[in-house]
Amino acid sequence: MRLLAPGGSDHSTQGFTIISMASETKPLHQRHCVKCEPGTPPLSSHEVGQLLEQLDGWTVEDSEGHMRLTKGYKFKGFMPAVEFVNKIAPIAEAEGHHPDLLVSYGSVTVHLFTHAAGGLTENDFILAAKIDRIKS
């Protein structure tokens, strides 16, 4: 897989830099998000399908004209759900990729998509895998 990012000097092609994803052989939870700029292309349906196979319990849905990853987590009470969100926050901040989180009594729903790409990128799958590691 490769990611095209605007600008850059190595391997530039018409204003885009090809960022080789050499880490793609690593499990998703061991990879790191890369910064996306406006105009970053979203993944194809085929690429989304391949990456989705590496996640457990996540679904892809259409939301307001773009694809997003979604997963619900169940807890016994409100505070365990809040504690889960508090564990997600520093990971998301460190990765520079921030999910939409809905906290309800006994549950947290996580939505991921890349605003700059207007859809899903590998970053969404990387963060999803890291979030799953918190719960397990």
# chains A, B, ... in the order shown; residues from 1 in each chain; ligands from 1
$ residues_around --residues "His29 of chain A" --least-positions-apart "3" --cutoff "6 Å" --atoms "only C-alpha atoms" --output "list in words"
Ile126, Ala129 and Lys130 of chain A
$ closest_atom_pairs --of "segment 44-89 of chain A" --to "segment 108-111 of chain A" --cutoff "12 Å" --atoms "only C-alpha atoms" --output "CSV"
residue,atom,partner,partner_atom,distance
A:Gly57,CA,A:Val110,CA,11.6
A:Trp58,CA,A:Val110,CA,9.4
A:Thr59,CA,A:His111,CA,9.7
A:Val60,CA,A:His111,CA,9.6
A:Glu61,CA,A:His111,CA,9.6
A:Asp62,CA,A:His111,CA,11.2
A:Ser63,CA,A:His111,CA,9.9
A:His66,CA,A:His111,CA,12.0
A:Met67,CA,A:His111,CA,10.2
A:Arg68,CA,A:His111,CA,6.5
A:Leu69,CA,A:His111,CA,5.6
A:Thr70,CA,A:His111,CA,4.6
A:Lys71,CA,A:Val110,CA,5.4
A:Gly72,CA,A:Thr109,CA,4.3
A:Tyr73,CA,A:Val108,CA,5.2
A:Lys74,CA,A:Val108,CA,6.7
A:Phe75,CA,A:Val108,CA,8.1
A:Lys76,CA,A:Val108,CA,11.2
A:Gly77,CA,A:Val108,CA,10.8
A:Phe78,CA,A:Val108,CA,9.4
A:Met79,CA,A:Val108,CA,10.9
A:Pro80,CA,A:Val108,CA,9.6
A:Ala81,CA,A:Val108,CA,6.0
A:Val82,CA,A:Val108,CA,8.2
A:Glu83,CA,A:Val108,CA,10.3
A:Phe84,CA,A:Val108,CA,8.1
A:Val85,CA,A:Val108,CA,7.7
A:Asn86,CA,A:Val108,CA,11.4
A:Ile88,CA,A:Val110,CA,10.0
A:Ala89,CA,A:Val110,CA,11.8
$ closest_residue --among "A:His115, A:Ile131, A:Asp100, A:Phe125" --to "Glu47 of chain A" --atoms "only C-alpha atoms"
A:Phe125
$ select_by_dssp --residues "segment 5-120 of chain A" --states "strand (DSSP E)" --output "MDAnalysis selection string"
chainID A and resid 5:6 12:13 16:20 59:63 66:74 100:104 107:112
$ residues_around --residues "segment 94-96 of chain A" --least-positions-apart "3" --cutoff "8 Å" --atoms "only C-alpha atoms" --output "list in words"
His32, Cys33, Val34, Lys35, Pro90, Ile91 and Leu127 of chain A
$ atom_distance --atom1 "atom CA of Glu37 of chain A" --atom2 "atom CA of Glu53 of chain A"
26.3 Å
$ select_by_dssp --residues "segment 8-120 of chain A" --states "alpha helix (DSSP H)" --output "ChimeraX atom specification"
/A:45-52,78-95
$ write_last_selection --atoms "C-alpha atoms" --output "CSV table (one decimal), in the first residue's frame"
chain,number,residue,atom,x,y,z
A,45,SER,CA,-13.4,-0.5,-1.3
A,46,HIS,CA,-11.0,-3.3,-1.9
A,47,GLU,CA,-8.4,-1.9,0.4
A,48,VAL,CA,-11.0,-1.2,3.1
A,49,GLY,CA,-12.1,-4.9,2.8
A,50,GLN,CA,-8.6,-6.2,3.2
A,51,LEU,CA,-7.9,-4.1,6.3
A,52,LEU,CA,-11.3,-4.8,7.8
A,78,PHE,CA,-21.2,4.5,33.3
A,79,MET,CA,-17.8,4.9,34.9
A,80,PRO,CA,-16.1,1.9,33.2
A,81,ALA,CA,-17.2,3.4,29.9
A,82,VAL,CA,-15.7,6.8,30.8
A,83,GLU,CA,-12.5,5.1,32.0
A,84,PHE,CA,-12.3,3.4,28.6
A,85,VAL,CA,-12.6,6.7,26.8
A,86,ASN,CA,-9.9,8.1,29.1
A,87,LYS,CA,-7.6,5.3,27.9
A,88,ILE,CA,-8.4,6.0,24.2
A,89,ALA,CA,-7.7,9.7,24.5
A,90,PRO,CA,-3.9,9.6,25.0
A,91,ILE,CA,-3.4,7.0,22.3
A,92,ALA,CA,-5.5,9.0,19.8
A,93,GLU,CA,-3.5,12.2,20.7
A,94,ALA,CA,-0.2,10.4,20.3
A,95,GLU,CA,-1.2,9.1,16.9
$ atom_distance --atom1 "atom CA of Ile134 of chain A" --atom2 "atom CA of Pro27 of chain A"
15.4 Å
$ residues_around --residues "Thr114 of chain A" --least-positions-apart "2" --cutoff "10 Å" --atoms "only C-alpha atoms" --output "ChimeraX atom specification"
/A:36-38,40-42,66-68,97-99,112,116-124
$ write_last_selection --atoms "N, CA and C atoms" --output "mmCIF file, in the first residue's frame"
data_model
loop_
_atom_site.group_PDB
_atom_site.id
_atom_site.type_symbol
_atom_site.label_atom_id
_atom_site.label_comp_id
_atom_site.auth_asym_id
_atom_site.auth_seq_id
_atom_site.Cartn_x
_atom_site.Cartn_y
_atom_site.Cartn_z
ATOM 1 N N CYS A 36 -2.208 13.180 7.412
ATOM 2 C CA CYS A 36 -2.938 13.337 6.155
ATOM 3 C C CYS A 36 -3.253 14.805 5.940
ATOM 4 N N GLU A 37 -3.070 15.254 4.734
ATOM 5 C CA GLU A 37 -3.385 16.630 4.351
ATOM 6 C C GLU A 37 -4.672 16.620 3.532
ATOM 7 N N PRO A 38 -5.354 17.750 3.453
ATOM 8 C CA PRO A 38 -6.524 17.807 2.579
ATOM 9 C C PRO A 38 -6.149 17.332 1.172
ATOM 10 N N THR A 40 -5.788 14.072 0.534
ATOM 11 C CA THR A 40 -5.313 12.697 0.664
ATOM 12 C C THR A 40 -6.425 11.779 0.162
ATOM 13 N N PRO A 41 -6.104 10.855 -0.727
ATOM 14 C CA PRO A 41 -7.170 9.993 -1.259
ATOM 15 C C PRO A 41 -7.628 8.959 -0.225
ATOM 16 N N PRO A 42 -8.946 8.702 -0.147
ATOM 17 C CA PRO A 42 -9.420 7.637 0.730
ATOM 18 C C PRO A 42 -9.077 6.275 0.130
ATOM 19 N N HIS A 66 -19.785 9.584 3.395
ATOM 20 C CA HIS A 66 -18.440 8.998 3.461
ATOM 21 C C HIS A 66 -18.492 7.714 4.273
ATOM 22 N N MET A 67 -17.510 6.845 4.032
ATOM 23 C CA MET A 67 -17.415 5.610 4.810
ATOM 24 C C MET A 67 -16.743 5.896 6.151
ATOM 25 N N ARG A 68 -17.199 5.185 7.195
ATOM 26 C CA ARG A 68 -16.537 5.280 8.486
ATOM 27 C C ARG A 68 -16.552 3.909 9.150
ATOM 28 N N HIS A 97 -4.667 11.253 15.559
ATOM 29 C CA HIS A 97 -5.871 10.804 14.855
ATOM 30 C C HIS A 97 -6.954 10.616 15.910
ATOM 31 N N HIS A 98 -8.065 11.312 15.759
ATOM 32 C CA HIS A 98 -9.031 11.418 16.846
ATOM 33 C C HIS A 98 -10.390 10.855 16.449
ATOM 34 N N PRO A 99 -10.886 9.859 17.202
ATOM 35 C CA PRO A 99 -12.183 9.269 16.888
ATOM 36 C C PRO A 99 -13.331 10.116 17.412
ATOM 37 N N LEU A 112 -14.714 6.137 13.385
ATOM 38 C CA LEU A 112 -13.444 6.590 12.823
ATOM 39 C C LEU A 112 -13.575 6.857 11.328
ATOM 40 N N ALA A 116 -9.593 14.671 6.410
ATOM 41 C CA ALA A 116 -8.800 15.213 5.304
ATOM 42 C C ALA A 116 -8.998 14.420 4.011
ATOM 43 N N ALA A 117 -9.296 13.123 4.146
ATOM 44 C CA ALA A 117 -9.485 12.278 2.963
ATOM 45 C C ALA A 117 -10.959 12.166 2.582
ATOM 46 N N GLY A 118 -11.838 12.588 3.463
ATOM 47 C CA GLY A 118 -13.259 12.440 3.188
ATOM 48 C C GLY A 118 -13.700 10.989 3.164
ATOM 49 N N GLY A 119 -13.024 10.154 3.928
ATOM 50 C CA GLY A 119 -13.349 8.725 3.969
ATOM 51 C C GLY A 119 -12.341 7.995 4.836
ATOM 52 N N LEU A 120 -12.152 6.726 4.551
ATOM 53 C CA LEU A 120 -11.264 5.893 5.351
ATOM 54 C C LEU A 120 -9.847 5.869 4.802
ATOM 55 N N THR A 121 -8.887 5.917 5.710
ATOM 56 C CA THR A 121 -7.471 5.722 5.372
ATOM 57 C C THR A 121 -6.927 4.642 6.300
ATOM 58 N N GLU A 122 -5.711 4.238 6.053
ATOM 59 C CA GLU A 122 -5.089 3.229 6.911
ATOM 60 C C GLU A 122 -5.047 3.701 8.368
ATOM 61 N N ASN A 123 -4.950 5.007 8.594
ATOM 62 C CA ASN A 123 -4.928 5.539 9.958
ATOM 63 C C ASN A 123 -6.137 5.079 10.769
ATOM 64 N N ASP A 124 -7.296 5.024 10.139
ATOM 65 C CA ASP A 124 -8.505 4.611 10.848
ATOM 66 C C ASP A 124 -8.392 3.174 11.340
#
$ atom_distance --atom1 "atom CA of Arg133 of chain A" --atom2 "atom CA of Thr25 of chain A"
18.3 Å
